[in-house]
file final.cif (mmCIF, C-alpha atoms)
data_my_file
#
loop_
_atom_site.label_atom_id
_atom_site.label_comp_id
_atom_site.auth_asym_id
_atom_site.auth_seq_id
_atom_site.Cartn_x
_atom_site.Cartn_y
_atom_site.Cartn_z
CA MET Q 23 111.95 14.94 44.30
CA ASN Q 24 109.01 16.17 46.39
CA LEU Q 25 109.41 19.96 46.47
CA GLU Q 26 106.80 20.47 49.19
CA GLU Q 27 108.56 18.04 51.54
CA LEU Q 28 111.93 19.58 50.72
CA PHE Q 29 110.66 23.06 51.56
CA ASN Q 30 109.04 21.96 54.80
CA GLN Q 31 112.25 20.25 55.85
CA TYR Q 32 114.69 23.04 55.00
CA LYS Q 33 112.71 26.26 55.37
CA GLU Q 34 114.75 28.71 57.43
CA GLN Q 35 112.40 29.20 60.39
CA SER Q 36 114.20 32.20 61.88
CA ILE Q 37 113.15 34.60 59.11
CA SER Q 38 109.65 35.45 57.95
CA GLY Q 39 107.46 38.34 56.87
CA ARG Q 40 108.37 41.30 54.70
CA TYR Q 41 110.84 43.26 56.83
CA LEU Q 42 114.25 41.61 56.54
CA THR Q 43 117.46 43.40 57.46
CA LEU Q 44 121.09 42.56 58.25
CA LYS Q 45 120.07 42.08 61.87
CA GLU Q 46 118.06 39.00 60.87
CA ILE Q 47 120.53 37.47 58.44
CA GLU Q 48 123.84 38.05 60.23
CA PRO Q 49 123.23 35.18 62.72
CA LEU Q 50 122.47 32.89 59.77
CA LEU Q 51 125.65 33.89 57.98
CA GLU Q 52 127.65 33.36 61.16
CA LYS Q 53 126.21 29.85 61.46
CA LEU Q 54 127.01 29.13 57.79
CA ASN Q 55 130.56 30.43 58.03
CA THR Q 56 132.18 27.09 58.91
CA ASN Q 57 135.09 27.44 56.50
CA ASN Q 58 135.44 31.11 55.57
CA GLN Q 59 132.57 30.94 53.03
CA VAL Q 60 131.18 34.30 54.23
CA LYS Q 61 133.01 37.50 53.37
CA VAL Q 62 132.42 41.22 53.63
CA ILE Q 63 132.86 42.34 50.03
CA GLY Q 64 132.06 46.03 50.47
CA HIS Q 65 130.00 48.57 52.32
CA SER Q 66 126.84 50.53 51.66
CA VAL Q 67 126.41 54.30 51.61
CA LEU Q 68 125.81 54.20 55.38
CA GLU Q 69 128.84 51.92 55.88
CA GLN Q 70 126.82 48.75 56.47
CA PRO Q 71 128.59 45.53 55.41
CA ILE Q 72 127.61 43.81 52.17
CA TYR Q 73 128.08 40.07 52.66
CA SER Q 74 128.73 37.28 50.20
CA TYR Q 75 128.33 33.56 50.71
CA GLU Q 76 130.11 31.09 48.41
CA ILE Q 77 129.59 27.34 48.33
CA GLY Q 78 130.34 24.51 45.91
CA THR Q 79 133.29 23.36 43.83
CA GLY Q 80 131.60 22.75 40.48
CA GLU Q 81 132.70 24.17 37.14
CA THR Q 82 129.45 26.02 36.45
CA ARG Q 83 129.52 29.32 38.29
CA VAL Q 84 126.21 30.87 39.35
CA TYR Q 85 125.87 34.41 40.68
CA LEU Q 86 122.75 35.19 42.76
CA TRP Q 87 121.90 38.50 44.45
CA SER Q 88 118.82 39.59 46.38
CA GLN Q 89 117.43 42.78 47.93
CA MET Q 90 118.99 45.06 45.35
CA HIS Q 91 115.76 46.86 46.22
CA GLY Q 92 115.68 47.02 50.01
CA ASN Q 93 111.95 46.37 50.41
CA GLU Q 94 112.00 43.20 48.27
CA SER Q 95 112.83 40.46 50.74
CA THR Q 96 110.91 37.38 49.54
CA THR Q 97 113.73 36.06 47.39
CA THR Q 98 116.17 36.54 50.28
CA LYS Q 99 114.06 34.17 52.39
CA ALA Q 100 113.93 31.64 49.54
CA LEU Q 101 117.68 31.95 49.02
CA PHE Q 102 118.39 30.98 52.64
CA ASP Q 103 115.95 28.07 52.34
CA PHE Q 104 117.91 26.93 49.28
CA ILE Q 105 121.25 27.39 51.06
CA ASN Q 106 119.96 25.12 53.85
CA VAL Q 107 119.37 22.41 51.24
CA LEU Q 108 122.90 22.85 49.90
CA ASN Q 109 124.24 22.26 53.41
CA SER Q 110 122.03 19.22 54.05
CA GLY Q 111 124.42 16.50 52.87
CA SER Q 112 121.63 15.01 50.75
CA GLU Q 113 122.21 13.34 47.41
CA TYR Q 114 120.78 16.38 45.64
CA ALA Q 115 123.06 18.71 47.65
CA VAL Q 116 126.19 16.69 46.87
CA LYS Q 117 125.34 16.69 43.18
CA MET Q 118 124.69 20.43 43.17
CA LEU Q 119 127.91 21.26 45.01
CA ASN Q 120 129.93 19.08 42.62
CA THR Q 121 128.26 20.65 39.59
CA PHE Q 122 128.06 24.32 40.60
CA THR Q 123 129.86 27.03 42.48
CA PHE Q 124 127.27 29.38 43.96
CA TYR Q 125 128.15 32.97 44.79
CA CYS Q 126 125.35 34.68 46.74
CA ILE Q 127 124.81 38.24 47.94
CA PRO Q 128 121.78 37.93 50.24
CA ILE Q 129 121.23 41.67 50.78
CA LEU Q 130 122.93 43.96 48.28
CA ASN Q 131 121.19 47.09 49.62
CA PRO Q 132 121.34 46.89 53.44
CA ASP Q 133 120.47 50.58 53.88
CA GLY Q 134 117.31 50.22 51.81
CA ALA Q 135 116.48 47.03 53.70
CA LYS Q 136 116.68 48.89 57.04
CA LEU Q 137 114.67 51.86 55.72
CA TYR Q 138 112.29 49.57 53.83
CA THR Q 139 112.81 51.49 50.61
CA ARG Q 140 113.37 50.42 47.03
CA ALA Q 141 116.30 52.81 46.63
CA ASN Q 142 119.54 53.00 48.59
CA ALA Q 143 120.40 55.66 51.19
CA ASN Q 144 121.20 58.16 48.41
CA GLU Q 145 117.72 57.55 46.97
CA ILE Q 146 119.23 55.90 43.90
CA ASP Q 147 117.60 52.87 42.29
CA LEU Q 148 120.51 50.45 42.02
CA ASN Q 149 118.74 48.71 39.13
CA ARG Q 150 119.19 51.88 37.05
CA ASP Q 151 122.84 52.34 37.95
CA SER Q 152 124.48 49.51 36.04
CA GLN Q 153 126.29 51.80 33.60
CA ASP Q 154 127.22 54.87 35.62
CA LEU Q 155 128.05 52.82 38.75
CA THR Q 156 127.65 55.88 40.95
CA GLN Q 157 126.81 53.93 44.12
CA PRO Q 158 129.06 51.74 46.28
CA GLU Q 159 126.53 48.87 46.16
CA SER Q 160 126.50 48.95 42.35
CA LYS Q 161 130.29 48.84 42.26
CA VAL Q 162 130.34 45.81 44.56
CA LEU Q 163 127.87 43.94 42.36
CA ARG Q 164 129.84 44.72 39.20
CA LYS Q 165 133.23 43.84 40.69
CA VAL Q 166 132.01 40.40 41.75
CA PHE Q 167 130.63 39.87 38.24
CA GLU Q 168 134.02 40.69 36.72
CA ASP Q 169 136.04 38.65 39.22
CA PHE Q 170 133.74 35.61 39.56
CA LYS Q 171 132.99 35.35 35.82
CA PRO Q 172 129.62 33.60 36.20
CA HIS Q 173 128.02 31.28 33.67
CA PHE Q 174 124.54 32.26 34.93
CA CYS Q 175 123.17 35.29 36.79
CA PHE Q 176 120.06 35.16 38.97
CA ASN Q 177 118.63 38.63 39.63
CA LEU Q 178 116.20 38.17 42.54
CA HIS Q 179 113.35 40.63 43.17
CA ASP Q 180 109.78 41.20 44.42
CA GLN Q 181 106.99 42.84 42.46
CA ARG Q 182 103.97 44.78 43.68
CA THR Q 183 100.46 43.39 44.09
CA ILE Q 184 99.26 45.43 41.09
CA PHE Q 185 100.50 42.88 38.55
CA GLY Q 186 98.30 40.26 36.98
CA ALA Q 187 99.09 37.44 34.58
CA GLY Q 188 97.79 39.23 31.50
CA ASP Q 189 94.03 39.84 31.53
CA THR Q 190 93.20 36.48 33.08
CA GLY Q 191 92.07 37.88 36.43
CA LYS Q 192 94.78 35.89 38.18
CA PRO Q 193 97.69 37.52 40.03
CA ALA Q 194 101.22 37.15 38.74
CA THR Q 195 102.47 35.22 41.76
CA VAL Q 196 105.88 34.48 40.27
CA SER Q 197 107.24 36.25 37.20
CA PHE Q 198 110.35 35.90 35.10
CA LEU Q 199 112.28 37.68 32.40
CA ALA Q 200 115.14 36.76 30.10
CA PRO Q 201 116.36 40.35 29.63
CA SER Q 202 117.22 41.65 26.18
CA PHE Q 203 120.82 42.37 25.25
CA ASN Q 204 120.06 44.90 22.50
CA GLU Q 205 117.38 47.35 21.36
CA GLU Q 206 116.13 44.88 18.75
CA ARG Q 207 115.44 42.29 21.46
CA ASP Q 208 117.27 39.67 19.45
CA ILE Q 209 117.77 36.16 20.79
CA ASN Q 210 121.30 34.81 20.82
CA GLU Q 211 122.68 31.64 22.38
CA ASN Q 212 123.04 33.13 25.85
CA ARG Q 213 119.61 34.70 25.97
CA LEU Q 214 118.13 31.46 24.65
CA LYS Q 215 119.58 29.61 27.65
CA ALA Q 216 117.72 32.01 29.95
CA ILE Q 217 114.54 31.63 27.88
CA ASN Q 218 114.72 27.83 27.94
CA LEU Q 219 115.30 27.82 31.69
CA ILE Q 220 112.26 30.04 32.28
CA ALA Q 221 110.12 27.79 30.07
CA GLY Q 222 111.21 24.82 32.20
CA LEU Q 223 110.43 26.68 35.43
CA ASN Q 224 107.00 27.58 34.08
CA ASP Q 225 106.33 23.88 33.48
CA VAL Q 226 107.10 23.21 37.16
CA LEU Q 227 105.13 26.13 38.61
CA GLN Q 228 102.01 25.51 36.53
CA GLN Q 229 101.55 22.37 38.63
CA TYR Q 230 101.24 24.54 41.75
CA ILE Q 231 99.87 27.90 40.57
CA PRO Q 232 98.15 27.30 37.22
CA GLY Q 233 97.77 30.54 35.31
CA GLN Q 234 99.65 32.60 37.90
CA VAL Q 235 103.08 32.83 36.24
CA GLY Q 236 103.96 36.08 34.50
CA ARG Q 237 106.54 37.32 32.05
CA PHE Q 238 107.97 40.81 32.20
CA ASP Q 239 108.22 43.13 29.21
CA ASP Q 240 111.63 42.73 27.57
CA SER Q 241 112.20 46.28 26.34
CA PHE Q 242 115.94 46.93 26.45
CA ASN Q 243 117.38 49.29 29.06
CA ILE Q 244 121.15 49.11 29.37
CA ASN Q 245 120.95 50.91 32.75
CA CYS Q 246 119.22 47.84 34.24
CA ILE Q 247 121.59 45.27 35.66
CA GLY Q 248 119.97 42.27 33.99
CA ASP Q 249 120.15 43.89 30.56
CA THR Q 250 123.78 44.83 31.18
CA PHE Q 251 124.85 41.33 32.22
CA GLN Q 252 122.93 39.81 29.30
CA TYR Q 253 124.65 42.34 27.01
CA LEU Q 254 127.99 41.24 28.48
CA GLY Q 255 127.27 37.67 27.38
CA VAL Q 256 126.03 35.93 30.55
CA PRO Q 257 122.60 34.23 30.60
CA THR Q 258 120.63 36.26 33.14
CA ILE Q 259 117.25 35.44 34.65
CA LEU Q 260 115.07 37.92 36.52
CA PHE Q 261 112.97 36.34 39.29
CA GLU Q 262 110.04 38.34 40.69
CA GLY Q 263 108.04 37.25 43.74
CA GLY Q 264 104.47 38.53 43.46
CA HIS Q 265 101.13 38.17 45.18
CA PHE Q 266 99.34 34.96 46.10
CA PRO Q 267 95.78 35.51 47.37
CA GLY Q 268 95.85 36.43 51.06
CA ASP Q 269 99.62 36.07 51.30
CA TYR Q 270 100.75 39.61 52.07
CA ASP Q 271 103.70 38.29 54.10
CA ARG Q 272 104.81 36.43 50.94
CA GLU Q 273 105.36 33.10 52.66
CA ILE Q 274 103.58 31.07 49.96
CA THR Q 275 105.42 33.04 47.29
CA ARG Q 276 108.65 32.30 49.16
CA LYS Q 277 107.93 28.57 48.83
CA LEU Q 278 107.28 28.91 45.09
CA LEU Q 279 110.54 30.82 44.62
CA PHE Q 280 112.31 28.05 46.52
CA PHE Q 281 110.73 25.55 44.09
CA SER Q 282 112.07 27.71 41.26
CA LEU Q 283 115.63 27.77 42.62
CA ILE Q 284 115.71 24.01 43.22
CA SER Q 285 114.25 23.34 39.77
CA SER Q 286 116.62 25.78 38.04
CA PHE Q 287 119.73 23.89 39.01
CA LYS Q 288 118.15 20.53 38.36
CA LEU Q 289 117.34 21.70 34.81
CA ILE Q 290 120.80 23.18 34.22
CA SER Q 291 122.62 20.16 35.67
CA GLU Q 292 120.60 17.77 33.50
CA ASN Q 293 121.35 19.92 30.45
CA ASP Q 294 117.67 20.46 29.74
CA LEU Q 295 118.32 23.88 28.16
CA VAL Q 296 119.31 22.73 24.68
CA ASP Q 297 115.88 22.97 23.04
CA ASN Q 298 114.46 26.09 21.45
CA ARG Q 299 111.52 26.98 23.70
CA ILE Q 300 110.97 30.55 22.55
CA ASN Q 301 107.28 29.93 21.80
CA ASP Q 302 106.72 28.35 25.23
CA TYR Q 303 108.38 31.38 26.81
CA LEU Q 304 106.31 33.86 24.80
CA ASN Q 305 103.13 31.98 25.71
CA ILE Q 306 103.64 32.84 29.38
CA SER Q 307 101.16 35.63 30.16
CA GLN Q 308 102.81 39.03 30.10
CA ASN Q 309 102.72 40.97 33.36
CA LYS Q 310 100.06 43.64 33.29
CA VAL Q 311 99.03 46.32 35.78
CA VAL Q 312 95.41 45.21 36.34
CA PHE Q 313 95.04 44.65 40.10
CA TYR Q 314 94.17 46.63 43.19
CA ASP Q 315 94.26 45.27 46.72
CA PHE Q 316 90.59 46.20 47.27
CA MET Q 317 87.70 46.70 44.86
CA TYR Q 318 84.25 47.85 45.95
CA LYS Q 319 81.57 47.48 43.29
CA ASN Q 320 78.09 48.93 42.79
CA VAL Q 321 78.39 51.51 45.53
CA LYS Q 322 75.85 54.36 45.71
CA ILE Q 323 77.64 57.69 46.02
CA ASN Q 324 76.31 61.23 46.21
CA TYR Q 325 78.21 62.98 43.41
CA ASP Q 326 77.51 66.75 43.20
CA GLY Q 327 74.00 66.22 44.51
CA ILE Q 328 73.27 63.32 42.17
CA GLU Q 329 73.22 59.75 43.39
CA ILE Q 330 75.22 57.45 41.15
CA ILE Q 331 76.17 53.79 41.29
CA THR Q 332 79.89 53.33 40.72
CA ASN Q 333 83.00 51.48 41.88
CA PHE Q 334 86.09 52.47 43.80
CA VAL Q 335 89.38 50.85 44.73
CA ALA Q 336 91.92 51.00 47.54
CA GLN Q 337 95.54 49.96 47.80
CA TYR Q 338 97.80 49.07 50.68
CA LYS Q 339 100.77 51.26 51.48
CA GLU Q 340 103.47 49.30 53.26
CA GLU Q 341 104.57 51.65 56.03
CA LEU Q 342 107.48 51.02 58.37
CA ILE Q 343 106.48 51.98 61.91
CA GLU Q 344 108.70 51.05 64.87
CA ASN Q 345 110.55 48.37 62.91
CA LYS Q 346 107.38 46.68 61.75
CA ILE Q 347 105.61 46.81 58.39
CA HIS Q 348 102.00 48.00 58.60
CA PHE Q 349 99.67 47.49 55.67
CA ASN Q 350 97.51 50.63 55.58
CA ALA Q 351 94.75 50.84 52.97
CA TYR Q 352 94.11 54.10 51.11
CA ILE Q 353 91.53 54.91 48.45
CA VAL Q 354 93.18 55.45 45.07
CA GLU Q 355 90.50 55.77 42.39
CA VAL Q 356 86.75 56.05 41.77
CA GLY Q 357 85.10 55.07 38.49
CA GLU Q 358 83.97 52.23 36.27
CA LEU Q 359 87.45 50.62 36.41
CA GLU Q 360 86.72 48.26 33.55
CA ASN Q 361 89.26 45.49 32.98
CA TYR Q 362 90.66 45.83 36.50
CA PHE Q 363 90.51 43.28 39.31
CA GLY Q 364 90.68 43.28 43.09
CA HIS Q 365 92.46 40.85 45.37
CA TYR Q 366 89.55 41.55 47.71
CA VAL Q 367 86.22 42.30 46.01
CA TYR Q 368 83.06 43.47 47.75
CA ASP Q 369 79.78 43.94 45.87
CA ALA Q 370 77.84 46.64 47.70
CA GLU Q 371 74.68 45.93 45.65
CA GLY Q 372 73.71 49.61 45.70
CA ALA Q 373 74.47 50.29 49.37
CA VAL Q 374 75.08 53.97 50.19
CA TYR Q 375 78.65 55.08 50.93
CA SER Q 376 79.39 57.32 53.91
CA ASP Q 377 82.42 58.21 56.00
CA ASP Q 378 83.43 60.54 58.82
CA LEU Q 379 84.89 63.14 56.46
CA GLY Q 380 82.87 64.09 53.37
CA ASN Q 381 80.79 61.05 52.38
CA PHE Q 382 82.80 60.65 49.18
CA PRO Q 383 85.71 58.23 48.66
CA LYS Q 384 88.54 60.67 48.02
CA THR Q 385 91.98 59.75 46.72
CA ASN Q 386 94.60 59.21 49.48
CA GLN Q 387 91.92 58.95 52.14
CA LYS Q 388 92.17 56.01 54.55
CA ALA Q 389 89.82 53.19 53.53
CA ASP Q 390 87.61 53.61 56.62
CA PHE Q 391 83.94 53.99 55.67
CA TYR Q 392 80.37 52.68 55.99
CA LEU Q 393 77.92 51.11 53.56
CA ASN Q 394 74.25 51.78 54.43
CA LYS Q 395 75.62 53.06 57.76
CA ASN Q 396 75.47 49.56 59.21
CA VAL Q 397 78.42 47.80 57.52
CA LYS Q 398 81.67 49.31 58.79
CA PHE Q 399 84.96 49.00 56.91
CA VAL Q 400 88.24 49.66 58.70
CA ASN Q 401 91.51 49.59 56.78
CA GLY Q 402 89.71 48.20 53.76
CA LEU Q 403 88.00 45.25 55.45
CA ILE Q 404 84.67 44.72 57.15
CA LYS Q 405 85.03 45.21 60.89
CA SER Q 406 83.28 42.33 62.62
#
call {"tool": "encode", "arguments": {"input": "final.cif", "output": "structure tokens"}}
result
Amino acid sequence: MNLEELFNQYKEQSISGRYLTLKEIEPLLEKLNTNNQVKVIGHSVLEQPIYSYEIGTGETRVYLWSQMHGNESTTTKALFDFINVLNSGSEYAVKMLNTFTFYCIPILNPDGAKLYTRANANEIDLNRDSQDLTQPESKVLRKVFEDFKPHFCFNLHDQRTIFGAGDTGKPATVSFLAPSFNEERDINENRLKAINLIAGLNDVLQQYIPGQVGRFDDSFNINCIGDTFQYLGVPTILFEGGHFPGDYDREITRKLLFFSLISSFKLISENDLVDNRINDYLNISQNKVVFYDFMYKNVKINYDGIEIITNFVAQYKEELIENKIHFNAYIVEVGELENYFGHYVYDAEGAVYSDDLGNFPKTNQKADFYLNKNVKFVNGLIKS
């Protein structure tokens, strides 16, 4: 199976970028609803519908949900790409639909999606509400889990650009976790299934993004939904779409997540999860906060009347303005910044820093400045 060709053929062209709300997915769901497969299974804090989409008649039940955090839309795009494959009538699709029953919630947190926030409209992180179930969205997710009785859970997320694959200097473009089910982080049969699946997915992705797959820390937190479902005996896999160089709209990451979904069900259907691949899983580089969006090195700065050569970094804030995401760069730290990396790196080679404010790169200041007064940077980048 050629994953690149499959993606190019079935990519859902009507959705792209980072800002994805019900407005964009409702026409897709309407088109998919040929035989009552789409249902409204609840409502958000602001009374927006929470939709489900169910397809397949197979014995193995798979539960997938995306945009639990409203500003994490990459996996939603990949999920619709995958759904297009399932509706293609291809040999792969027929096999998948005979093997699995897929239950999908494309946007669990529609209010957060509209506001472009991690939390819901009550400013609650739904991924810390799996025990108290204080929010309507959390209750919907849990009720489906209890009624559908899945054999696998796919918890679909995005992660920030700050994460690297260990100390390698490469971004963690796609990351995974087989959540723990107890404080001791023991490995039982169900968690081992998740571990083996992730090891198989890593094998696939290393062919496309060598060294850019990460593994999240598996400290146990029963308030997190993945830990709860693992604790309740269902193999659960956390998917995290991260940064690929230059891909701030996460369209390349989307493709890699699509590869991961296609490969997941191929591996499960071929029963390739019977080995013990704990060591392969643990050898995946652990996610580490080591990146900034911008790094400026060897900059000459006037510090209390003394000229010093130092480094500083800037980070994008994703700001929703008139229904569009704007990436605005702000300075976040000045110093040696050893063991940190930049997605964009500029070596000033001793050029003098100046700006229109105080000629010092201050925290939370827009990344608009000059080097040697003749190289102008606007929003972090050289203005040509």
call {"tool": "closest_residue", "arguments": {"input": "final.cif", "among": "Q:Thr139, Q:Gly188, Q:Asp302, Q:Leu278", "to": "Leu214 (chain Q)", "atoms": "all atoms listed in the file"}}
result
Q:Asp302
call {"tool": "resolve_selection", "arguments": {"input": "final.cif", "expression": "the PyMOL selection byres ((chain Q and resi 258) around 12)", "output": "JSON, numbers by chain"}}
result
{"Q": [84, 85, 86, 87, 167, 172, 173, 174, 175, 176, 177, 178, 198, 199, 200, 201, 202, 203, 211, 212, 213, 214, 215, 216, 217, 218, 219, 220, 246, 247, 248, 249, 250, 251, 252, 253, 254, 255, 256, 257, 259, 260, 261]}
call {"tool": "atom_distance", "arguments": {"input": "final.cif", "atom1": "CA of Thr82 (chain Q)", "atom2": "CA of Lys117 (chain Q)"}}
result
12.2 Å
call {"tool": "residues_around", "arguments": {"input": "final.cif", "residues": "Lys33 (chain Q)", "least_positions_apart": "2", "cutoff": "9 Å", "atoms": "all atoms listed in the file", "output": "list in words"}}
result
Leu28, Phe29, Asn30, Gln31, Gln35, Ser36, Lys99, Ala100, Phe102, Asp103, Phe104, Asn106, Val107 and Lys277 of chain Q
call {"tool": "resolve_selection", "arguments": {"input": "final.cif", "expression": "the PyMOL selection byres ((chain Q and resi 241) around 8)", "output": "ChimeraX atom specification"}}
result
/Q:201-202,205,207,239-240,242-243
call {"tool": "residues_around", "arguments": {"input": "final.cif", "residues": "Val321 (chain Q)", "least_positions_apart": "2", "cutoff": "6 Å", "atoms": "all atoms listed in the file", "output": "list in words"}}
result
Lys319, Ile331, Thr332, Asn333, Ala370, Gly372 and Ala373 of chain Q
call {"tool": "write_last_selection", "arguments": {"input": "final.cif", "atoms": "C-alpha atoms", "output": "PDB file, keeping the file's coordinate frame"}}
result
ATOM      1  CA  LYS Q 319      81.570  47.480  43.290  1.00  0.00           C
ATOM      2  CA  ILE Q 331      76.170  53.790  41.290  1.00  0.00           C
ATOM      3  CA  THR Q 332      79.890  53.330  40.720  1.00  0.00           C
ATOM      4  CA  ASN Q 333      83.000  51.480  41.880  1.00  0.00           C
ATOM      5  CA  ALA Q 370      77.840  46.640  47.700  1.00  0.00           C
ATOM      6  CA  GLY Q 372      73.710  49.610  45.700  1.00  0.00           C
ATOM      7  CA  ALA Q 373      74.470  50.290  49.370  1.00  0.00           C
TER       8      ALA Q 373
END
call {"tool": "resolve_selection", "arguments": {"input": "final.cif", "expression": "the PyMOL selection byres ((chain Q and resi 40-42) around 12)", "output": "ChimeraX atom specification"}}
result
/Q:36-39,43-48,88-89,91-99,128-129,131-139,180,263,269-273,275-276,340-349
call {"tool": "residues_near_point", "arguments": {"input": "final.cif", "point": "(90.6, 39.9, 43.7)", "cutoff": "9 Å", "atoms": "all atoms listed in the file", "output": "CSV table (one decimal) with C-alpha atoms, in the frame of the given file"}}
result
chain,number,residue,atom,x,y,z
Q,191,GLY,CA,92.1,37.9,36.4
Q,192,LYS,CA,94.8,35.9,38.2
Q,193,PRO,CA,97.7,37.5,40.0
Q,267,PRO,CA,95.8,35.5,47.4
Q,313,PHE,CA,95.0,44.6,40.1
Q,314,TYR,CA,94.2,46.6,43.2
Q,315,ASP,CA,94.3,45.3,46.7
Q,316,PHE,CA,90.6,46.2,47.3
Q,317,MET,CA,87.7,46.7,44.9
Q,363,PHE,CA,90.5,43.3,39.3
Q,364,GLY,CA,90.7,43.3,43.1
Q,365,HIS,CA,92.5,40.8,45.4
Q,366,TYR,CA,89.6,41.6,47.7
Q,367,VAL,CA,86.2,42.3,46.0
call {"tool": "atom_distance", "arguments": {"input": "final.cif", "atom1": "CA of Thr121 (chain Q)", "atom2": "CA of Met23 (chain Q)"}}
result
17.9 Å
call {"tool": "atom_distance", "arguments": {"input": "final.cif", "atom1": "CA of Pro49 (chain Q)", "atom2": "CA of Phe280 (chain Q)"}}
result
20.8 Å
call {"tool": "closest_residue", "arguments": {"input": "final.cif", "among": "Q:Gly222, Q:Lys405, Q:Val62, Q:Lys161", "to": "Asn298 (chain Q)", "atoms": "only C-alpha atoms"}}
result
Q:Gly222
call {"tool": "closest_residue", "arguments": {"input": "final.cif", "among": "Q:Thr190, Q:Thr123, Q:Ser291, Q:Ser286", "to": "Val312 (chain Q)", "atoms": "all atoms listed in the file"}}
result
Q:Thr190
call {"tool": "closest_residue", "arguments": {"input": "final.cif", "among": "Q:Asn361, Q:Asn120, Q:Asn381, Q:Asn293", "to": "Ile323 (chain Q)", "atoms": "only C-alpha atoms"}}
result
Q:Asn381
call {"tool": "closest_residue", "arguments": {"input": "final.cif", "among": "Q:Glu113, Q:Arg299, Q:Tyr375, Q:Asn58", "to": "Ile330 (chain Q)", "atoms": "all atoms listed in the file"}}
result
Q:Tyr375
call {"tool": "decode", "arguments": {"input": "final.cif", "residues": "region 325-329 of chain Q", "atoms": "all heavy atoms", "output": "PDB file, in the first residue's frame"}}
result
ATOM      1  N   TYR Q 325      23.830  45.941  27.751  1.00  0.00           N
ATOM      2  CA  TYR Q 325      23.209  45.476  28.992  1.00  0.00           C
ATOM      3  C   TYR Q 325      23.766  46.299  30.155  1.00  0.00           C
ATOM      4  O   TYR Q 325      24.917  46.126  30.561  1.00  0.00           O
ATOM      5  CB  TYR Q 325      23.491  43.986  29.194  1.00  0.00           C
ATOM      6  CG  TYR Q 325      22.817  43.384  30.405  1.00  0.00           C
ATOM      7  CD1 TYR Q 325      21.436  43.178  30.426  1.00  0.00           C
ATOM      8  CD2 TYR Q 325      23.557  43.021  31.538  1.00  0.00           C
ATOM      9  CE1 TYR Q 325      20.810  42.632  31.524  1.00  0.00           C
ATOM     10  CE2 TYR Q 325      22.933  42.473  32.642  1.00  0.00           C
ATOM     11  CZ  TYR Q 325      21.561  42.283  32.630  1.00  0.00           C
ATOM     12  OH  TYR Q 325      20.938  41.738  33.731  1.00  0.00           O
ATOM     13  N   ASP Q 326      22.959  47.237  30.671  1.00  0.00           N
ATOM     14  CA  ASP Q 326      23.386  48.121  31.759  1.00  0.00           C
ATOM     15  C   ASP Q 326      24.690  48.844  31.433  1.00  0.00           C
ATOM     16  O   ASP Q 326      25.610  48.920  32.264  1.00  0.00           O
ATOM     17  CB  ASP Q 326      23.538  47.329  33.065  1.00  0.00           C
ATOM     18  CG  ASP Q 326      22.197  47.049  33.719  1.00  0.00           C
ATOM     19  OD1 ASP Q 326      21.203  47.689  33.308  1.00  0.00           O
ATOM     20  OD2 ASP Q 326      22.138  46.191  34.605  1.00  0.00           O
ATOM     21  N   GLY Q 327      24.784  49.316  30.197  1.00  0.00           N
ATOM     22  CA  GLY Q 327      25.950  50.077  29.797  1.00  0.00           C
ATOM     23  C   GLY Q 327      27.136  49.249  29.356  1.00  0.00           C
ATOM     24  O   GLY Q 327      28.173  49.796  28.968  1.00  0.00           O
ATOM     25  N   ILE Q 328      26.988  47.936  29.416  1.00  0.00           N
ATOM     26  CA  ILE Q 328      28.071  47.038  29.000  1.00  0.00           C
ATOM     27  C   ILE Q 328      27.606  46.270  27.776  1.00  0.00           C
ATOM     28  O   ILE Q 328      26.505  45.704  27.763  1.00  0.00           O
ATOM     29  CB  ILE Q 328      28.441  46.053  30.126  1.00  0.00           C
ATOM     30  CG1 ILE Q 328      28.867  46.820  31.390  1.00  0.00           C
ATOM     31  CG2 ILE Q 328      29.554  45.107  29.671  1.00  0.00           C
ATOM     32  CD1 ILE Q 328      29.004  45.949  32.609  1.00  0.00           C
ATOM     33  N   GLU Q 329      28.418  46.231  26.758  1.00  0.00           N
ATOM     34  CA  GLU Q 329      28.067  45.462  25.564  1.00  0.00           C
ATOM     35  C   GLU Q 329      28.413  43.990  25.788  1.00  0.00           C
ATOM     36  O   GLU Q 329      29.544  43.656  26.155  1.00  0.00           O
ATOM     37  CB  GLU Q 329      28.810  45.998  24.331  1.00  0.00           C
ATOM     38  CG  GLU Q 329      28.224  47.289  23.799  1.00  0.00           C
ATOM     39  CD  GLU Q 329      28.781  47.660  22.430  1.00  0.00           C
ATOM     40  OE1 GLU Q 329      29.889  47.199  22.096  1.00  0.00           O
ATOM     41  OE2 GLU Q 329      28.091  48.404  21.698  1.00  0.00           O
TER      42      GLU Q 329
END
